[in-house]
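Student: Sharing a structure here in structure tokens format.
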Amino acid sequence: MRKLGIDYGDSRVGIAITDELCITAQGLETIHHQGNDKLILKRLDEILNMYSIDTFVVGMPINMNGSKAERVEITEKFIHKLKCKYPKILIETVDERLTTVAAHKTMNYLNINKNKKKEIVDTISAVYILETYLNKQKNKV
């Protein structure tokens with residue numbers, strides 16, 4: 001069973017997925033939703049029809065000082081929607097501090113075109129969120 005990483009944002013949601021053995025994470029797509037969670041849930045339905053997913057890993061927007069950012073409450077409401085719609089899927093959260101910064105550094109390193117960065121930054125952030133989760137799981141063993 002695979003894990004799905006979610007970088008939930010105001011207008012875009014980055015999606016990443018593990019391989020079947022849950023060893024690696026790769027970017028899947030960015031969902032443009034403009035604040036409409038129904039679009040996200042509809043696309044998640046389609047993704048769940050293509051892949052066997054047992055866990056959603058959602059990035060939690062914590063401030064650098066460890067306090068809760070105002071986006072935390074919005075993200076928690078989205079997580080509640082996920083729990084209601086997908087009661088059999090485990091939902092984990094990870095601290096997503098610096099994932100967007102890391103994504104931008106990666107894109108700069110790869111010399112990604114400035115216009116394309118906006119399209120893929122959320123997907124790359126979702127990969128980092130999922131990798132953070134996978135690394136935590138490895139360290140538990």
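A note on labels: chains of the structure tokens are A, B, ... as shown, every chain counts residues from 1, and ligands are counted from 1 in their shown order.
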May I have the residues within 9 Å of range 77-91 of chain A as JSON, numbers by chain, using only C-alpha atoms and disregarding those fewer than 6 positions away in the same chain?
Tutor: {"A": [8, 37, 41, 53, 54, 55, 56, 57, 58]}
Student: Emit the selected residues as a CSV table (one decimal), in the first residue's frame, including N, CA and C atoms.
Tutor:
chain,number,residue,atom,x,y,z
A,8,TYR,N,-1.0,21.1,1.3
A,8,TYR,CA,-2.3,21.8,1.1
A,8,TYR,C,-2.1,23.3,1.2
A,37,ASP,N,-12.4,23.0,-2.0
A,37,ASP,CA,-11.9,21.6,-1.6
A,37,ASP,C,-12.6,20.5,-2.3
A,41,LEU,N,-11.0,16.9,-3.5
A,41,LEU,CA,-11.5,15.6,-3.1
A,41,LEU,C,-11.9,14.8,-4.3
A,53,ILE,N,-3.9,3.3,-1.7
A,53,ILE,CA,-3.3,4.2,-0.7
A,53,ILE,C,-3.9,3.8,0.6
A,54,ASP,N,-3.0,3.7,1.6
A,54,ASP,CA,-3.5,3.5,3.0
A,54,ASP,C,-3.2,4.6,3.9
A,55,THR,N,-2.4,5.6,3.5
A,55,THR,CA,-2.1,6.7,4.4
A,55,THR,C,-2.0,8.0,3.6
A,56,PHE,N,-2.6,9.1,4.1
A,56,PHE,CA,-2.4,10.5,3.6
A,56,PHE,C,-1.4,11.1,4.6
A,57,VAL,N,-0.4,11.7,4.1
A,57,VAL,CA,0.5,12.5,4.9
A,57,VAL,C,0.4,13.9,4.5
A,58,VAL,N,-0.2,14.7,5.5
A,58,VAL,CA,-0.5,16.1,5.2
A,58,VAL,C,0.6,17.0,5.9
Student: Could you go through chain A and tell me which residues DSSP, when run on the backbone, assigns to strand (DSSP E), listing them as number ranges by chain?
Tutor: A: 2-8, 12-18, 25-32, 53-60, 90-95
Student: CA of Met50 in chain A to CA of His32 in chain A: how many Å, to one decimal?
Tutor: 19.6 Å
Student: Which residues are near Cys22 in chain A? Cut-off 10 Å, only C-alpha atoms, ignore same chain within fewer than 4 positions. Put them as a CSV table (one decimal) with N, CA and C atoms, in the first residue's frame.
Tutor:
chain,number,residue,atom,x,y,z
A,1,MET,N,0.8,-1.2,0.0
A,1,MET,CA,0.0,0.0,0.0
A,1,MET,C,0.9,1.2,0.0
A,2,ARG,N,0.5,2.2,-0.8
A,2,ARG,CA,1.3,3.4,-0.9
A,2,ARG,C,0.8,4.5,0.0
A,3,LYS,N,1.6,5.5,0.2
A,3,LYS,CA,1.3,6.7,1.0
A,3,LYS,C,1.2,7.9,0.0
A,17,ILE,N,3.6,10.7,-4.2
A,17,ILE,CA,3.2,9.3,-3.9
A,17,ILE,C,4.4,8.5,-3.7
A,18,THR,N,4.3,7.5,-2.8
A,18,THR,CA,5.4,6.5,-2.7
A,18,THR,C,5.3,5.5,-3.7
A,130,LEU,N,6.4,13.9,2.2
A,130,LEU,CA,6.3,12.5,2.2
A,130,LEU,C,7.7,11.9,2.6
A,131,GLU,N,8.8,12.4,2.2
A,131,GLU,CA,10.1,11.9,2.5
A,131,GLU,C,10.3,12.1,4.0
A,134,LEU,N,8.5,9.3,5.6
A,134,LEU,CA,9.1,8.0,5.4
A,134,LEU,C,10.4,7.8,6.3
Student: Would you please extract all alpha helix (DSSP H) residues from range 11-134 of chain A, as assigned by DSSP on the backbone, and give them as number ranges by chain?
Tutor: A: 37-50, 70-85, 99-109, 114-134
Student: How far is it from CA of Asp7 in chain A to CA of Gly59 in chain A, in Å with one decimal?
Tutor: 5.4 Å
Student: Considering only C-alpha atoms, return as JSON, numbers by chain whatever protein or nucleic-acid residues lie within 12 Å of Lys118 in chain A, sequence-local ones (same chain, fewer than 6 positions apart) excluded.
Tutor: {"A": [11, 12, 13, 14, 30, 32, 100, 103, 104, 107, 112, 124, 125]}
Student: Could you work out how far CA of Glu29 in chain A lies from CA of Ala16 in chain A, giving the answer in Å with one decimal?
Tutor: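 About the pair CA of Ala16 in chain A and CA of Glu29 in chain A: they are 7.0 Å apart.
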